[in-house]
file work23.csv (CSV, C-alpha atoms)
chain,number,residue,atom,x,y,z
A,1,MET,CA,2.5,3.9,-4.4
A,2,ASP,CA,3.1,2.4,-7.9
A,3,LEU,CA,6.4,3.1,-9.7
A,4,PHE,CA,4.7,5.1,-12.5
A,5,THR,CA,3.3,7.6,-9.9
A,6,HIS,CA,6.6,7.8,-8.0
A,7,VAL,CA,8.4,8.7,-11.2
A,8,LEU,CA,5.8,11.1,-12.5
A,9,VAL,CA,5.4,13.0,-9.2
A,10,ALA,CA,9.2,13.3,-8.9
A,11,TYR,CA,9.3,14.7,-12.5
A,12,LEU,CA,6.6,17.3,-11.7
A,13,VAL,CA,8.3,18.4,-8.4
A,14,THR,CA,11.6,18.6,-10.3
A,15,PHE,CA,10.0,20.8,-12.9
A,16,GLY,CA,8.7,23.0,-10.2
A,17,LEU,CA,12.2,23.4,-8.8
A,18,VAL,CA,14.3,23.8,-12.0
A,19,GLY,CA,11.9,24.4,-14.9
A,20,PHE,CA,12.3,22.7,-18.2
A,21,LYS,CA,15.9,21.4,-18.0
A,22,PRO,CA,15.7,17.9,-19.6
A,23,SER,CA,18.8,16.5,-17.9
A,24,TYR,CA,17.7,17.6,-14.4
A,25,LEU,CA,14.1,16.4,-15.1
A,26,ALA,CA,15.4,13.0,-16.1
A,27,ALA,CA,17.6,12.8,-12.9
A,28,GLY,CA,14.7,13.9,-10.7
A,29,ALA,CA,12.4,11.3,-12.2
A,30,LEU,CA,15.0,8.6,-11.8
A,31,GLY,CA,15.5,9.6,-8.2
A,32,GLY,CA,11.8,9.2,-7.7
A,33,GLY,CA,11.9,5.6,-8.9
A,34,LEU,CA,15.3,4.4,-7.5
A,35,PRO,CA,14.1,3.5,-3.9
A,36,ASP,CA,12.1,0.6,-5.4
A,37,ALA,CA,15.3,-0.9,-6.8
A,38,ASP,CA,15.5,-2.6,-3.4
A,39,ALA,CA,13.5,-5.4,-5.1
A,40,LEU,CA,16.8,-6.5,-6.6
A,41,PHE,CA,18.1,-7.2,-3.0
A,42,PHE,CA,15.4,-9.8,-2.4
A,43,PRO,CA,17.9,-12.8,-2.6
A,44,ILE,CA,20.0,-11.4,0.3
A,45,ALA,CA,17.4,-9.4,2.2
A,46,ARG,CA,16.7,-12.3,4.6
A,47,ARG,CA,20.4,-12.2,5.7
A,48,PHE,CA,20.6,-8.4,5.7
A,49,PRO,CA,17.1,-7.2,6.8
A,50,MET,CA,18.0,-3.6,6.2
A,51,LEU,CA,18.0,-4.3,2.5
A,52,ARG,CA,14.4,-5.5,2.5
A,53,HIS,CA,11.7,-3.8,0.5
A,54,HIS,CA,10.8,-0.5,2.2
A,55,GLY,CA,14.1,-0.7,4.1
A,56,ILE,CA,17.2,1.4,3.9
A,57,THR,CA,16.5,2.6,0.3
A,58,HIS,CA,13.3,4.2,1.7
A,59,SER,CA,15.2,6.3,4.2
A,60,VAL,CA,16.7,9.8,4.1
A,61,PHE,CA,20.1,8.3,4.6
A,62,GLY,CA,19.7,5.8,1.7
A,63,VAL,CA,18.3,8.5,-0.6
A,64,SER,CA,21.1,10.9,0.3
A,65,VAL,CA,23.8,8.2,-0.5
A,66,VAL,CA,22.2,7.6,-3.9
A,67,ALA,CA,21.9,11.3,-4.6
A,68,GLY,CA,25.5,11.8,-3.7
A,69,ALA,CA,26.7,9.1,-6.0
A,70,GLY,CA,24.4,10.4,-8.7
A,71,ALA,CA,25.8,13.9,-8.3
A,72,LEU,CA,29.3,12.6,-9.0
A,73,LEU,CA,28.3,10.5,-12.0
A,74,ALA,CA,25.5,12.5,-13.7
A,75,PRO,CA,27.8,15.4,-14.9
A,76,LEU,CA,29.9,12.8,-16.7
A,77,LEU,CA,26.8,11.7,-18.7
A,78,ALA,CA,25.0,15.0,-19.2
A,79,PRO,CA,26.6,18.4,-18.5
A,80,GLY,CA,25.2,20.2,-15.5
A,81,SER,CA,25.8,21.2,-11.9
A,82,ALA,CA,26.7,18.5,-9.5
A,83,ALA,CA,24.9,20.5,-6.8
A,84,ILE,CA,21.7,20.6,-8.8
A,85,TYR,CA,21.9,17.0,-9.7
A,86,PHE,CA,22.2,16.2,-6.0
A,87,LEU,CA,19.2,18.4,-5.3
A,88,VAL,CA,16.9,16.9,-7.8
A,89,LEU,CA,17.9,13.3,-7.0
A,90,GLU,CA,17.5,14.0,-3.3
A,91,VAL,CA,14.1,15.6,-3.7
A,92,GLY,CA,12.9,12.8,-6.1
A,93,GLY,CA,13.9,10.2,-3.5
A,94,LEU,CA,12.2,12.1,-0.6
A,95,CYS,CA,9.1,12.4,-2.7
A,96,HIS,CA,9.1,8.6,-3.0
A,97,ILE,CA,9.4,8.2,0.8
A,98,ALA,CA,6.7,10.7,1.4
A,99,GLN,CA,4.3,9.0,-1.0
A,100,ASP,CA,4.8,5.6,0.4
A,101,GLY,CA,4.4,7.0,4.0
A,102,PHE,CA,1.2,8.6,2.8
A,103,THR,CA,-0.3,5.1,2.2
A,104,HIS,CA,-0.9,2.2,4.5
A,105,PHE,CA,2.5,0.7,3.5
A,106,SER,CA,4.9,2.1,6.1
A,107,VAL,CA,8.5,3.2,5.5
A,108,PRO,CA,11.4,3.8,8.0
A,109,PRO,CA,12.6,7.3,7.0
A,110,LEU,CA,15.2,7.5,9.8
A,111,LEU,CA,17.0,4.2,9.1
A,112,PRO,CA,19.7,3.1,10.1
A,113,PHE,CA,19.4,5.4,13.2
A,114,SER,CA,15.8,4.5,14.1
A,115,GLU,CA,13.2,1.9,13.1
A,116,LYS,CA,10.3,4.5,13.6
A,117,ARG,CA,7.8,4.1,10.8
A,118,LEU,CA,5.9,6.7,8.7
A,119,GLU,CA,2.4,5.6,7.8
A,120,LEU,CA,-0.5,8.0,7.4
A,121,ASP,CA,-3.0,5.5,6.1
A,122,ALA,CA,-4.4,8.1,3.7
A,123,ASP,CA,-4.2,5.9,0.5
A,124,ARG,CA,-3.8,2.4,-0.8
A,125,ALA,CA,-0.3,1.2,-1.6
A,126,ILE,CA,-1.5,0.7,-5.2
A,127,ASN,CA,-4.4,3.0,-6.2
A,128,PHE,CA,-5.6,2.4,-9.7
A,129,VAL,CA,-6.8,6.0,-10.0
A,130,THR,CA,-3.2,7.4,-9.7
A,131,LEU,CA,-1.8,4.5,-11.6
A,132,GLY,CA,-4.1,5.1,-14.5
A,133,VAL,CA,-3.4,8.8,-14.6
A,134,SER,CA,0.3,8.3,-14.4
A,135,VAL,CA,0.4,5.7,-17.2
A,136,ALA,CA,-1.8,7.9,-19.4
A,137,SER,CA,0.4,11.0,-18.6
A,138,PHE,CA,3.6,9.3,-19.6
A,139,TYR,CA,1.9,8.2,-22.9
A,140,LEU,CA,0.7,11.8,-23.4
A,141,LEU,CA,4.0,13.6,-22.5
A,142,LEU,CA,6.5,11.2,-24.1
A,143,GLY,CA,4.3,9.9,-27.0
A,144,VAL,CA,1.6,12.2,-28.1
A,145,GLU,CA,3.1,15.6,-27.3
A,146,ARG,CA,6.9,15.1,-27.5
A,147,ASN,CA,8.2,17.3,-30.3
A,148,ARG,CA,4.7,17.4,-31.8
A,149,VAL,CA,2.9,20.3,-30.1
A,150,PRO,CA,3.8,23.9,-29.1
A,151,PHE,CA,5.8,24.2,-25.9
A,152,ASP,CA,2.9,26.1,-24.3
A,153,VAL,CA,0.7,23.0,-24.7
A,154,TYR,CA,3.3,20.9,-22.9
A,155,LEU,CA,3.5,23.5,-20.1
A,156,TRP,CA,-0.2,23.4,-19.6
A,157,THR,CA,-0.2,19.6,-19.5
A,158,VAL,CA,2.5,19.7,-16.8
A,159,TYR,CA,0.6,22.4,-14.8
A,160,GLY,CA,-2.6,20.4,-15.1
A,161,LEU,CA,-0.9,17.3,-13.7
A,162,MET,CA,0.6,19.4,-10.9
A,163,ALA,CA,-2.9,20.6,-10.0
A,164,PHE,CA,-4.4,17.1,-10.2
A,165,PHE,CA,-1.9,15.6,-7.8
A,166,ALA,CA,-1.9,18.5,-5.4
A,167,ALA,CA,-5.7,18.3,-5.3
A,168,TYR,CA,-5.7,14.5,-5.0
A,169,PHE,CA,-3.2,14.4,-2.1
A,170,ALA,CA,-5.1,17.3,-0.4
A,171,VAL,CA,-8.5,15.6,-0.6
A,172,ARG,CA,-7.0,12.2,0.6
A,173,LEU,CA,-5.3,13.8,3.6
A,174,ALA,CA,-8.3,16.0,4.5
A,175,CYS,CA,-10.7,13.0,4.4
A,176,ARG,CA,-8.2,10.9,6.4
A,177,LEU,CA,-8.0,13.6,9.1
A,178,TRP,CA,-11.8,14.0,9.1
A,179,VAL,CA,-12.5,10.3,9.7
A,180,GLY,CA,-9.7,10.0,12.3
A,181,ARG,CA,-11.1,12.9,14.4
A,182,ARG,CA,-14.5,11.2,14.4
A,183,LEU,CA,-13.3,7.6,14.8
A,184,HIS,CA,-14.4,7.0,18.4
A,185,ALA,CA,-17.8,8.6,17.8
A,186,LEU,CA,-18.4,5.8,15.3
A,187,GLY,CA,-17.9,3.0,17.8
A,188,GLU,CA,-15.2,1.0,19.5
A,189,PHE,CA,-12.7,1.6,16.6
A,190,ASP,CA,-9.1,2.7,16.8
A,191,VAL,CA,-7.8,2.3,13.2
A,192,VAL,CA,-8.7,4.0,9.9
A,193,SER,CA,-7.8,2.1,6.7
A,194,PRO,CA,-8.3,3.6,3.1
A,195,THR,CA,-10.1,2.2,0.2
A,196,THR,CA,-9.7,3.2,-3.5
A,197,ASN,CA,-12.4,5.8,-3.1
A,198,PRO,CA,-11.2,8.8,-1.0
A,199,PHE,CA,-14.8,9.2,0.3
A,200,ALA,CA,-15.1,5.6,1.6
A,201,TRP,CA,-13.0,4.3,4.5
A,202,LEU,CA,-12.7,1.2,6.8
A,203,VAL,CA,-12.8,1.7,10.5
A,204,LEU,CA,-11.7,-1.2,12.7
A,205,SER,CA,-10.1,-2.5,15.8
A,206,GLU,CA,-8.0,-5.6,16.6
A,207,ARG,CA,-7.7,-7.3,20.0
A,208,GLU,CA,-5.8,-10.4,21.2
A,209,ALA,CA,-6.7,-12.0,24.5
A,210,ALA,CA,-6.8,-15.5,25.9
A,211,GLY,CA,-5.3,-17.0,22.7
A,212,VAL,CA,-7.9,-15.4,20.5
A,213,HIS,CA,-7.5,-12.8,17.8
A,214,ARG,CA,-10.6,-10.6,17.4
A,215,THR,CA,-11.2,-8.1,14.5
A,216,THR,CA,-14.2,-5.7,14.3
A,217,TRP,CA,-14.6,-3.5,11.2
A,218,ALA,CA,-17.2,-1.3,9.4
A,219,ARG,CA,-17.4,0.7,6.2
A,220,TYR,CA,-17.8,4.5,6.5
A,221,VAL,CA,-18.9,6.7,3.6
A,222,PHE,CA,-18.9,10.5,3.7
A,223,GLY,CA,-22.4,11.8,3.9
A,224,ARG,CA,-23.9,8.4,4.7
A,225,GLY,CA,-22.1,7.3,7.9
A,226,LEU,CA,-21.6,3.6,8.5
A,227,THR,CA,-22.9,1.7,5.5
A,228,ALA,CA,-21.8,-1.8,6.3
A,229,GLY,CA,-21.1,-3.5,9.6
A,230,PRO,CA,-19.8,-3.5,12.2
A,231,PHE,CA,-18.6,-7.1,11.5
A,232,THR,CA,-16.7,-9.1,14.1
A,233,VAL,CA,-14.6,-12.3,13.5
A,234,GLU,CA,-12.5,-14.3,15.8
A,235,GLY,CA,-9.7,-16.8,15.3
A,236,LEU,CA,-7.4,-18.9,17.5
A,237,LEU,CA,-3.7,-17.8,17.6
A,238,GLU,CA,-2.6,-21.5,17.9
A,239,PRO,CA,-4.1,-24.6,16.2
A,240,PRO,CA,-6.9,-26.2,18.3
A,241,GLY,CA,-5.1,-29.6,18.7
A,242,THR,CA,-8.0,-31.7,17.3
A,243,THR,CA,-8.2,-33.7,14.0
A,244,ARG,CA,-12.0,-33.7,13.8
A,245,ALA,CA,-13.9,-31.5,11.3
A,246,PRO,CA,-15.4,-28.2,12.6
A,247,ALA,CA,-19.1,-28.4,13.3
A,248,THR,CA,-20.0,-24.7,13.1
A,249,GLU,CA,-19.0,-21.5,11.3
A,250,ALA,CA,-17.4,-20.2,14.4
A,251,GLU,CA,-15.2,-23.3,14.8
A,252,ALA,CA,-14.3,-23.2,11.1
A,253,LEU,CA,-13.1,-19.6,11.4
A,254,ALA,CA,-11.4,-20.0,14.7
A,255,TRP,CA,-9.5,-23.2,13.7
A,256,SER,CA,-8.6,-22.0,10.2
A,257,TYR,CA,-7.0,-18.7,11.4
A,258,PRO,CA,-3.7,-20.0,12.7
A,259,LEU,CA,-3.3,-22.1,9.5
A,260,ALA,CA,-4.0,-19.1,7.3
A,261,ARG,CA,-1.8,-16.8,9.3
A,262,LYS,CA,1.1,-19.3,9.0
A,263,ALA,CA,0.6,-19.7,5.3
A,264,ALA,CA,0.5,-15.9,4.5
A,265,GLY,CA,2.7,-13.3,6.1
A,266,PHE,CA,0.4,-10.5,4.7
A,267,LEU,CA,-2.3,-11.5,7.1
A,268,GLU,CA,-0.1,-10.8,10.1
A,269,ALA,CA,1.1,-7.5,8.4
A,270,THR,CA,-2.3,-6.2,7.4
A,271,TYR,CA,-5.8,-5.8,8.8
A,272,HIS,CA,-8.0,-8.7,7.8
A,273,PHE,CA,-11.3,-10.6,8.3
A,274,GLY,CA,-12.7,-14.0,7.5
A,275,GLU,CA,-15.8,-15.8,6.3
A,276,ALA,CA,-16.8,-19.5,6.5
A,277,PHE,CA,-19.1,-21.5,4.2
A,278,ARG,CA,-20.5,-25.1,4.3
A,279,ASP,CA,-20.8,-27.0,1.1
A,280,VAL,CA,-23.4,-29.7,0.2
A,281,ALA,CA,-21.1,-32.5,1.4
A,282,GLY,CA,-21.1,-30.9,4.8
A,283,SER,CA,-17.5,-29.8,4.9
A,284,TRP,CA,-16.5,-26.3,6.0
A,285,THR,CA,-14.3,-23.8,4.0
A,286,ALA,CA,-13.0,-20.6,5.6
A,287,VAL,CA,-11.4,-17.8,3.7
A,288,TRP,CA,-9.3,-15.0,5.4
A,289,TYR,CA,-9.0,-11.8,3.4
A,290,SER,CA,-6.6,-8.9,3.7
A,291,LEU,CA,-8.5,-5.6,4.1
A,292,GLU,CA,-5.6,-3.7,2.6
A,293,PHE,CA,-4.5,-5.7,-0.4
A,294,THR,CA,-7.6,-5.5,-2.6
A,295,PHE,CA,-8.4,-4.6,-6.2
A,296,PHE,CA,-11.3,-5.0,-8.6
A,297,GLY,CA,-13.5,-6.5,-5.9
A,298,ARG,CA,-10.9,-9.2,-4.9
A,299,SER,CA,-8.7,-9.4,-1.9
A,300,ALA,CA,-5.4,-11.2,-1.2
A,301,GLY,CA,-6.5,-14.1,1.0
A,302,VAL,CA,-6.0,-17.7,2.2
A,303,ARG,CA,-8.6,-20.4,1.8
A,304,VAL,CA,-8.7,-23.3,4.3
A,305,ARG,CA,-10.8,-26.4,3.5
A,306,PHE,CA,-11.6,-29.0,6.2
A,307,PRO,CA,-12.3,-32.5,5.0
A,308,PRO,CA,-15.8,-33.6,6.3
A,309,GLU,CA,-14.3,-36.8,7.7
A,310,GLY,CA,-11.6,-34.9,9.6
A,311,GLY,CA,-7.8,-34.8,9.2
A,312,PRO,CA,-5.4,-32.2,7.9
A,313,ALA,CA,-6.9,-29.2,6.2
A,314,SER,CA,-5.9,-27.9,2.7
A,315,VAL,CA,-4.5,-24.4,2.6
A,316,ARG,CA,-4.3,-22.2,-0.6
A,317,ARG,CA,-3.3,-18.6,-1.1
A,318,ALA,CA,-4.9,-16.6,-3.9
A,319,PHE,CA,-7.1,-13.5,-4.6
A,320,TYR,CA,-10.7,-14.2,-3.6
A,321,ARG,CA,-13.9,-12.2,-3.9
A,322,PRO,CA,-15.5,-11.7,-0.5
A,323,THR,CA,-19.2,-12.0,0.1
A,324,VAL,CA,-19.0,-8.9,2.3
A,325,ARG,CA,-17.0,-6.5,0.1
A,326,PRO,CA,-14.3,-4.7,2.2
A,327,GLY,CA,-13.1,-2.0,-0.1
call {"tool": "encode", "arguments": {"input": "work23.csv", "output": "structure tokens"}}
result
Amino acid sequence: MDLFTHVLVAYLVTFGLVGFKPSYLAAGALGGGLPDADALFFPIARRFPMLRHHGITHSVFGVSVVAGAGALLAPLLAPGSAAIYFLVLEVGGLCHIAQDGFTHFSVPPLLPFSEKRLELDADRAINFVTLGVSVASFYLLLGVERNRVPFDVYLWTVYGLMAFFAAYFAVRLACRLWVGRRLHALGEFDVVSPTTNPFAWLVLSEREAAGVHRTTWARYVFGRGLTAGPFTVEGLLEPPGTTRAPATEAEALAWSYPLARKAAGFLEATYHFGEAFRDVAGSWTAVWYSLEFTFFGRSAGVRVRFPPEGGPASVRRAFYRPTVRPG
């Protein structure tokens, strides 16, 4: 989830544990955001993979180390109990892990002892509903209400936010379980992927055989069933070994796939699909989109253009708007 939501949820959980204790609330909120400080390790993450994003800092071990260090340092900055500082920092970090594992962006909570991943696929990694609520909440709590309204008003705001997030996570999880239990009745699908709307989901399957990658997906909406699809697209795992231009949509998709997959690691790491189009000059363009990295109608994708006379294709990464909208 986004950093604002991580910090806000940790703040709310800390409030539930210790009440209105500003120093502890600040520490808990900080603990909720600290795991994403692994972005600072990017320059050395290739050499030390455990420091990658969603690596050791997103594990119980990493959170506990940070909480222990914070418990020693925090009382020097703001008077309080080292034990309670450890508690709120630990809980804040665990909230962060739980929220990321709640989405389709997996985390390894047992590192360095196990690489086993936690991924419930119940929400997007970045959901603009929770992001908007979190940003507005910080403005309300720290800007509009701070030292300007009766304490009871602040309390009701906090309780209201607690109720919102409890309901949000409950609805998301319940919908995810509902779709998962009915997955095979919908068709030959074995994966559920969330969209921004908790009542609209993607169901899909991926297969690799004889050097071909095959994806089938459909859109499921509560109360309406499958509203789009199923759609199937295939691509070669290795380049075709020819320099001529593709002659059909199927060839454009199949030949472009290994080029797109090589150009963008997110295609290999996320579920995806592709479309191909022919322009007036007769050349084919194929675009491969991520089914998981989408927002405002656009998806992270790779565009591959084949010259009509043959030769090397041009490859470009960007956010594109699919003709068949995935999420």
call {"tool": "residues_around", "arguments": {"input": "work23.csv", "residues": "region 215-218 of chain A", "least_positions_apart": "3", "cutoff": "9 Å", "atoms": "only C-alpha atoms", "output": "ChimeraX atom specification"}}
result
/A:188-189,201-208,226-235,271-273,326
call {"tool": "closest_atom_pairs", "arguments": {"input": "work23.csv", "of": "region 108-141 of chain A", "to": "region 42-63 of chain A", "cutoff": "7 Å", "atoms": "all atoms listed in the file", "output": "tab-separated table"}}
result
residue	atom	partner	partner_atom	distance
A:Pro108	CA	A:Ser59	CA	5.9
A:Pro109	CA	A:Ser59	CA	3.9
A:Leu110	CA	A:Ser59	CA	5.7
A:Leu111	CA	A:Ser59	CA	5.6
A:Pro112	CA	A:Ile56	CA	6.9
call {"tool": "closest_residue", "arguments": {"input": "work23.csv", "among": "A:Tyr320, A:Pro308, A:Phe102, A:Lys262", "to": "Tyr289 (chain A)", "atoms": "only C-alpha atoms"}}
result
A:Tyr320
call {"tool": "residues_around", "arguments": {"input": "work23.csv", "residues": "Leu259 (chain A)", "least_positions_apart": "4", "cutoff": "9 Å", "atoms": "only C-alpha atoms", "output": "list in words"}}
result
Glu238, Pro239, Trp255, Ala263, Ala264, Val302, Val304, Ala313 and Val315 of chain A
call {"tool": "write_last_selection", "arguments": {"input": "work23.csv", "atoms": "C-alpha atoms", "output": "JSON list (two decimals), in the frame of the given file"}}
result
[["chain", "number", "residue", "atom", "x", "y", "z"],
["A", 238, "GLU", "CA", -2.60, -21.50, 17.90],
["A", 239, "PRO", "CA", -4.10, -24.60, 16.20],
["A", 255, "TRP", "CA", -9.50, -23.20, 13.70],
["A", 263, "ALA", "CA", 0.60, -19.70, 5.30],
["A", 264, "ALA", "CA", 0.50, -15.90, 4.50],
["A", 302, "VAL", "CA", -6.00, -17.70, 2.20],
["A", 304, "VAL", "CA", -8.70, -23.30, 4.30],
["A", 313, "ALA", "CA", -6.90, -29.20, 6.20],
["A", 315, "VAL", "CA", -4.50, -24.40, 2.60]]
call {"tool": "closest_residue", "arguments": {"input": "work23.csv", "among": "A:Leu8, A:Leu17, A:Leu34, A:Met1", "to": "Leu142 (chain A)", "atoms": "only C-alpha atoms"}}
result
A:Leu8
call {"tool": "residues_around", "arguments": {"input": "work23.csv", "residues": "Leu87 (chain A)", "least_positions_apart": "3", "cutoff": "9 Å", "atoms": "all atoms listed in the file", "output": "list in words"}}
result
Gly28, Ala67, Ala71, Ala82, Ala83, Ile84, Glu90, Val91 and Gly92 of chain A
call {"tool": "residues_near_point", "arguments": {"input": "work23.csv", "point": "(-3.0, -0.7, -0.8)", "cutoff": "9 Å", "atoms": "all atoms listed in the file", "output": "MDAnalysis selection string"}}
result
chainID A and resid 1 103:105 123:127 194:196 291:295
call {"tool": "atom_distance", "arguments": {"input": "work23.csv", "atom1": "CA of Gly282 (chain A)", "atom2": "CA of Ala318 (chain A)"}}
result
23.3 Å
call {"tool": "atom_distance", "arguments": {"input": "work23.csv", "atom1": "CA of Phe151 (chain A)", "atom2": "CA of Cys95 (chain A)"}}
result
26.2 Å
call {"tool": "residues_around", "arguments": {"input": "work23.csv", "residues": "Leu72 (chain A)", "least_positions_apart": "3", "cutoff": "12 Å", "atoms": "all atoms listed in the file", "output": "PDB file with C-alpha atoms, in the frame of the given file"}}
result
ATOM      1  CA  VAL A  65      23.800   8.200  -0.500  1.00  0.00           C
ATOM      2  CA  VAL A  66      22.200   7.600  -3.900  1.00  0.00           C
ATOM      3  CA  ALA A  67      21.900  11.300  -4.600  1.00  0.00           C
ATOM      4  CA  GLY A  68      25.500  11.800  -3.700  1.00  0.00           C
ATOM      5  CA  ALA A  69      26.700   9.100  -6.000  1.00  0.00           C
ATOM      6  CA  PRO A  75      27.800  15.400 -14.900  1.00  0.00           C
ATOM      7  CA  LEU A  76      29.900  12.800 -16.700  1.00  0.00           C
ATOM      8  CA  LEU A  77      26.800  11.700 -18.700  1.00  0.00           C
ATOM      9  CA  ALA A  78      25.000  15.000 -19.200  1.00  0.00           C
ATOM     10  CA  PRO A  79      26.600  18.400 -18.500  1.00  0.00           C
ATOM     11  CA  GLY A  80      25.200  20.200 -15.500  1.00  0.00           C
ATOM     12  CA  SER A  81      25.800  21.200 -11.900  1.00  0.00           C
ATOM     13  CA  ALA A  82      26.700  18.500  -9.500  1.00  0.00           C
ATOM     14  CA  ALA A  83      24.900  20.500  -6.800  1.00  0.00           C
ATOM     15  CA  ILE A  84      21.700  20.600  -8.800  1.00  0.00           C
ATOM     16  CA  TYR A  85      21.900  17.000  -9.700  1.00  0.00           C
ATOM     17  CA  PHE A  86      22.200  16.200  -6.000  1.00  0.00           C
ATOM     18  CA  LEU A  89      17.900  13.300  -7.000  1.00  0.00           C
TER      19      LEU A  89
END
call {"tool": "residues_around", "arguments": {"input": "work23.csv", "residues": "Gly32 (chain A)", "least_positions_apart": "2", "cutoff": "10 Å", "atoms": "all atoms listed in the file", "output": "ChimeraX atom specification"}}
result
/A:3-11,13-14,26-30,34-36,63,88-97
call {"tool": "closest_residue", "arguments": {"input": "work23.csv", "among": "A:Trp288, A:Phe113, A:Phe277, A:Phe20", "to": "Pro258 (chain A)", "atoms": "all atoms listed in the file"}}
result
A:Trp288
